[in-house]
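One structure below.
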Amino acid sequence: MYNKLINKETKLAVIGLGYVGLPIALEFAKKIKVIGFDIKPERIDMLNNQIDPSNELSKEAFENTDILFTANPDDLKDASFFIVTVPTPIDNHNLPDLTPVYKASETVGKALSKGDYVVYESTVYPGATEEDCVPILEKKSGLKFREEFKVGYSPERINPGDTEHTLTKIKKVVSGCDDESLDIIGKVYEIVVTAGIFKAANIKTAEAAKVIENTQRDVNIALMNELSIIFNRFGINTFDVLEAAGTKWNFLKFFPGLVGGHCIGVDPYYLSYKAKEYGYYPQIIDGGRFVNDSMGRYVAKQTVKRLLQKKISLLTARVLIMGITFKEDVTDIRNTRVIDIYNELKSYNLCVDVTDAQAKPNEVKAEYGIDLVNNLTEKYDAIILAVNHKEYVNLTEDYFKSLGKNGVLLVDVKGIYRKTIKNLDYFSL
């Protein structure tokens, strides 16, 4: 398999060309023949015009690549090595929604031939690859697992907006269904990953390793958020406390904030779901999720509380939220927890405007029904700096004053202005 790929006698296919799949496809396409498959024809059109729909990659990333972008499943029959990188979201009840992975497995299964390899990168709970996906591959292909096709799991570690920790520079965890597949899958990834390969004990171990990476971060951020609530009652600034505590060499540097996106705010639910299936009900993991999922509403309630303390009528008050993407310096708005701030403020019948330097207005309108405001001509009673886009990190106190009414409240979620704001009513986590 490895030699056939290197010699361009067969092709590698990447299924799902989002912020994870596209960089993988393009890196491999610099060395071997690649098929990039996605179910959205409009995405394929953009990719054929060297435009990354996620705004993560420049046109230069598409240059000198041997890749076919397609939405036609029949094209996948020319591939022998498949990498599945589709999303794994949660539903409205915070339960895993593996529909995209199941659909991708059906598509790949129909294209499988004897001797082919399938590697999953989508974040799942331990056991999903072998227990949920392999049966679909067998059913759709008519082939027998291990004897006629091999499967592995290699968790994605792409960090949106991070130009330093890119695919080739992050150690790649790989796993296989047997020793032979582990060796070959590792060699294939070594074609593009220069940081090295780590061979996990088995597929379940690799799945578990991925899901706890973000669970660990989620729990630690939840602790910071809980400390923020406590310190607010003490009348001290959480970031000042953390700055002082951080002078100790072994103090872990986590900070309070909104936890959204596709990973940290989602992955712990996958682990918790599977644990409950085995009769264990996680306390710390679920508790951390509860704290983090409540922080948007907490920010909104603190804003309302301070407006009332200033004797500002909620019937006439106007609030500006700056930033709606799930993190700074990305355009992605999916699973942003800023929407919790917005919805909570609206529940008080407040007039709320939202602006964002990077989000696409049509996507925000389609996803949340919100019209972004670009020309800030109104005067606001409160300004909530929710996302630290680069456009927002070097603003002056006078700038915030110019947007606000006399005595405007500045809610600085990440606390980046706590040392520079002198004459405004100020609050941060």
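Residues are named by chain letter and number: chains run A, B, ... in the order of the structure tokens, numbers start at 1 in each chain, and ligands are numbered from 1 in the order shown.
Every protein or nucleic acid residue with an atom no more than 12 Å from Lys77 in chain A, counting only C-alpha atoms and leaving out same-chain residues fewer than 6 positions away, appears here: A:Thr10, A:Lys11, A:Leu12, A:Ala13, A:Ile35, A:Phe37, A:Thr107, A:Val108, A:Gly109, A:Lys110, A:Ala111, A:Leu112, A:Ser113, A:Lys114, A:Asp116, A:Ser141.
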Open item on the list: Give me, as a PyMOL selection string, all polymer residues having an atom no more than 7 Å from range 270-285 of chain A, counting only C-alpha atoms and skipping those fewer than 6 positions away in the same chain.
Closed with: chain A and resi 95-96+124-125+211+219
The selected residues should be written to file as a short mmCIF file (atom, residue, chain, number, x, y, z; two decimals), in the first residue's frame (atoms: N, CA and C atoms).
data_model
loop_
_atom_site.label_atom_id
_atom_site.label_comp_id
_atom_site.auth_asym_id
_atom_site.auth_seq_id
_atom_site.Cartn_x
_atom_site.Cartn_y
_atom_site.Cartn_z
N LEU A 95 -26.12 14.95 23.23
CA LEU A 95 -25.77 13.56 22.96
C LEU A 95 -24.99 13.48 21.65
N PRO A 96 -24.06 12.53 21.52
CA PRO A 96 -23.28 12.41 20.28
C PRO A 96 -24.16 12.22 19.06
N VAL A 124 -14.36 10.75 18.35
CA VAL A 124 -15.47 9.87 18.73
C VAL A 124 -15.21 9.31 20.12
N TYR A 125 -16.17 8.60 20.68
CA TYR A 125 -15.94 7.91 21.95
C TYR A 125 -15.20 6.60 21.68
N VAL A 211 -10.12 12.07 22.87
CA VAL A 211 -11.27 12.65 23.55
C VAL A 211 -10.88 13.23 24.91
N VAL A 219 -12.17 20.70 31.67
CA VAL A 219 -12.28 20.65 33.12
C VAL A 219 -11.43 21.75 33.77
#
Task: Best match for closeness to Pro126 in chain A among A:Glu363, A:Asp332, A:Asp267, A:Asp398, counting only C-alpha atoms - done: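 Smallest separation from Pro126 in chain A among the options: A:Asp267.
Residue nearest Lys169 in chain A, chosen from A:Glu27, A:Glu138, A:Glu378, A:Glu56 and counting only C-alpha atoms: A:Glu27.
Among the candidates A:Asn202, A:Ser181, A:Thr325, A:Thr303, the residue lying nearest to Leu409 in chain A is A:Thr303 (atoms considered: only C-alpha atoms).
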- [ ] Determine the nearest neighbour of Ile39 in chain A from the options A:Ile370, A:Leu137, A:Ile15, A:Leu314, counting only C-alpha atoms.
- [x]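 Comparing A:Ile370, A:Leu137, A:Ile15, A:Leu314 against Ile39 in chain A, the winner is A:Ile15.
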Open item on the list: Can you pull out every residue from range 57-276 of chain A that DSSP, working from the backbone, puts in helix (DSSP H, G or I), and format the result as number ranges by chain?
Closed with: A: 59-62, 73-78, 99-111, 128-141, 167-169, 179-189, 203-234, 238-245, 267-276
Open item on the list: Considering only C-alpha atoms, can you say which of A:Asp74, A:Glu60, A:Glu148, A:Asp356 comes closest to Thr331 in chain A?
Closed with: A:Asp356
Open item on the list: What's the separation between CA of Pro23 in chain A and CA of Lys360 in chain A, in Å to one decimal place?
Closed with: 21.5 Å
Open item on the list: Please return, as a VMD selection string, all residues of range 305-386 of chain A that DSSP assigns to strand (DSSP E or B) on the basis of the backbone.
Closed with: chain A and resid 318 to 322 351 to 355 380 to 385
Open item on the list: When you look at Gly161 in chain A with a cut-off of 10 Å (counting only C-alpha atoms), what residues show up, excluding the ones that are within fewer than 2 positions of it in the same chain? I need them as number ranges by chain.
Closed with: A: 19, 54-57, 158-159, 163-166, 327-332
